[in-house]
Amino acid sequence: METGQAYESRNVSNISYSKLLDPVSDVISLMESLMSGAFGATTGDQRECCKRVHAYCWGLHTLVMDVITSLGIENAATRPAVLERFNALSDPARAALDNLSTGFDGPLGEEQQATIAHVIDAFHSIEGAMTNIWHYSMLRHDMLEYAEDEFDGAVLIHRMRSVLRDVILPEVDARFCAIGDEAYLSHAFGEIARNIRLHANVQEARIKVQEFGYKTDIGILDRGRGFRATSDVSIEPFWQARDADPGLGLGLYLARKHIEGCGGSLQMGSKPGKGTLLKITLPCLP
């Protein structure tokens, strides 16, 4: 077995599966509190929405347990029905939450609104984790095919904007013509932005874009907590600088693999208390 494979297998066995189950359990508990009136009375329609979310989340809990105990994270994508089950449970639950948060079924009190906002955040965590598990499993089984299309590279910067509240763009024009798979590169940049927000504990980053003929270098710097580790280790699957960090430790690994799949590269350097710098190189047309 190769060293990299041994490293991955060891890390898979040491995953804190509570990071997958806890958000689902939190939603179940909060829905029960809402239905019991712990945060204020609910109307009939509101209670029905809470019941639906509660029921769907028990289904999600069962699905996650199936992935953990029988399928395994590495094999999730080999069973398309897993994704179908997840969407069939997640989509209607999110629709019910949207109804509650927008007041479609009647106005909510302040505590109820705060609770629903927390539940929606938990759902984002659930969806992000399952998406990354799916991508990781596809990579492990060589199921990914990257397109070689030409598209406006500014979409990647906008993808980061959708995850970070404020991204400080360079003064130079950041619109470059990239070659690769827009969907997977957008996912990669979204995971980079999510890591900055969750792990660096900052809400903004500086981005510098430089074009050199047929390649573009993108530097992304945050002034966050930083960490002590070599670039190679810190971008391995399931590696995390701190055990208490949220997520599964797949975000940067998937970002690197997607960027490499599109003919690019990703390097990282970090220092505790100083922040983290990512250097991304992508092919482009001048």
# chains A, B, ... in the order shown; residues from 1 in each chain; ligands from 1
>>> select_by_dssp(residues="range 164-202 of chain A", states="strand (DSSP E or B)", output="list in words")
Asp166, Val167, Ile168, Cys177, Ala178, Ile179 and Gly180 of chain A
>>> closest_residue(among="A:Leu250, A:Ala76, A:Ile133, A:Val167", to="Ile207 in chain A", atoms="only C-alpha atoms")
A:Val167
>>> closest_atom_pairs(of="range 113-182 of chain A", to="range 263-285 of chain A", cutoff="7 Å", atoms="only C-alpha atoms", output="tab-separated table")
residue	atom	partner	partner_atom	distance
A:Cys177	CA	A:Cys284	CA	5.4
A:Ala178	CA	A:Cys284	CA	4.2
A:Ile179	CA	A:Cys284	CA	5.4
>>> closest_residue(among="A:Val24, A:Leu252, A:Ile220, A:Ile73", to="Ser90 in chain A", atoms="only C-alpha atoms")
A:Val24
>>> residues_around(residues="range 46-58 of chain A", least_positions_apart="4", cutoff="6 Å", atoms="only C-alpha atoms", output="list in words")
Ile28, Met31, Met35, Thr42, Leu89, Ala93, Ala96 and Asp105 of chain A
>>> select_by_dssp(residues="range 59-241 of chain A", states="helix (DSSP H, G or I)", output="ChimeraX atom specification")
/A:59-71,73-78,80-102,110-140,154-163,182-200,231-234
>>> residues_around(residues="Phe86 in chain A", least_positions_apart="4", cutoff="8 Å", atoms="only C-alpha atoms", output="count of residues only")
4
>>> closest_atom_pairs(of="range 135-194 of chain A", to="range 112-131 of chain A", cutoff="12 Å", atoms="only C-alpha atoms", output="Markdown table")
| residue | atom | partner | partner_atom | distance |
| --- | --- | --- | --- | --- |
| A:His135 | CA | A:Thr131 | CA | 6.3 |
| A:Tyr136 | CA | A:Thr131 | CA | 8.6 |
| A:Ser137 | CA | A:Thr131 | CA | 9.9 |
| A:Met138 | CA | A:Thr131 | CA | 10.7 |
| A:Val163 | CA | A:His124 | CA | 11.4 |
| A:Tyr184 | CA | A:Thr131 | CA | 11.9 |
| A:His187 | CA | A:Thr131 | CA | 9.8 |
| A:Ala188 | CA | A:Thr131 | CA | 11.9 |
| A:Gly190 | CA | A:Gly128 | CA | 10.4 |
| A:Glu191 | CA | A:Gly128 | CA | 9.2 |
| A:Arg194 | CA | A:Gly128 | CA | 9.8 |
>>> write_last_selection(atoms="N, CA and C atoms", output="PDB file, in the first residue's frame")
ATOM      1  N   HIS A 135     -18.265  13.904  -3.046  1.00  0.00           N
ATOM      2  CA  HIS A 135     -17.135  14.235  -3.915  1.00  0.00           C
ATOM      3  C   HIS A 135     -15.920  13.385  -3.555  1.00  0.00           C
ATOM      4  N   TYR A 136     -15.660  13.219  -2.263  1.00  0.00           N
ATOM      5  CA  TYR A 136     -14.519  12.422  -1.831  1.00  0.00           C
ATOM      6  C   TYR A 136     -14.663  10.974  -2.304  1.00  0.00           C
ATOM      7  N   SER A 137     -15.847  10.428  -2.157  1.00  0.00           N
ATOM      8  CA  SER A 137     -16.082   9.052  -2.579  1.00  0.00           C
ATOM      9  C   SER A 137     -15.906   8.902  -4.093  1.00  0.00           C
ATOM     10  N   MET A 138     -16.381   9.885  -4.851  1.00  0.00           N
ATOM     11  CA  MET A 138     -16.218   9.841  -6.305  1.00  0.00           C
ATOM     12  C   MET A 138     -14.737   9.874  -6.691  1.00  0.00           C
ATOM     13  N   VAL A 163     -19.856  32.978  -0.236  1.00  0.00           N
ATOM     14  CA  VAL A 163     -19.602  32.282   1.022  1.00  0.00           C
ATOM     15  C   VAL A 163     -19.066  33.235   2.083  1.00  0.00           C
ATOM     16  N   TYR A 184     -16.847  22.268 -10.830  1.00  0.00           N
ATOM     17  CA  TYR A 184     -15.935  21.737  -9.812  1.00  0.00           C
ATOM     18  C   TYR A 184     -14.991  22.810  -9.283  1.00  0.00           C
ATOM     19  N   HIS A 187     -16.944  24.800  -6.828  1.00  0.00           N
ATOM     20  CA  HIS A 187     -17.015  24.070  -5.555  1.00  0.00           C
ATOM     21  C   HIS A 187     -15.706  24.228  -4.786  1.00  0.00           C
ATOM     22  N   ALA A 188     -14.588  24.154  -5.494  1.00  0.00           N
ATOM     23  CA  ALA A 188     -13.282  24.294  -4.854  1.00  0.00           C
ATOM     24  C   ALA A 188     -13.139  25.659  -4.191  1.00  0.00           C
ATOM     25  N   GLY A 190     -15.530  27.661  -3.294  1.00  0.00           N
ATOM     26  CA  GLY A 190     -16.481  27.745  -2.189  1.00  0.00           C
ATOM     27  C   GLY A 190     -15.933  27.097  -0.933  1.00  0.00           C
ATOM     28  N   GLU A 191     -15.247  25.954  -1.075  1.00  0.00           N
ATOM     29  CA  GLU A 191     -14.661  25.281   0.081  1.00  0.00           C
ATOM     30  C   GLU A 191     -13.506  26.088   0.667  1.00  0.00           C
ATOM     31  N   ARG A 194     -15.139  28.801   2.641  1.00  0.00           N
ATOM     32  CA  ARG A 194     -15.752  28.247   3.853  1.00  0.00           C
ATOM     33  C   ARG A 194     -14.690  27.960   4.916  1.00  0.00           C
TER      34      ARG A 194
END
>>> atom_distance(atom1="CA of Asp142 in chain A", atom2="CA of Lys257 in chain A")
11.7 Å
>>> closest_residue(among="A:Gly247, A:Arg225, A:Ile192, A:Gly153", to="Leu21 in chain A", atoms="only C-alpha atoms")
A:Gly247
>>> atom_distance(atom1="CA of Pro246 in chain A", atom2="CA of Phe39 in chain A")
26.7 Å
>>> closest_residue(among="A:Leu164, A:Leu185, A:Ala81, A:Leu139", to="Phe151 in chain A", atoms="only C-alpha atoms")
A:Leu185
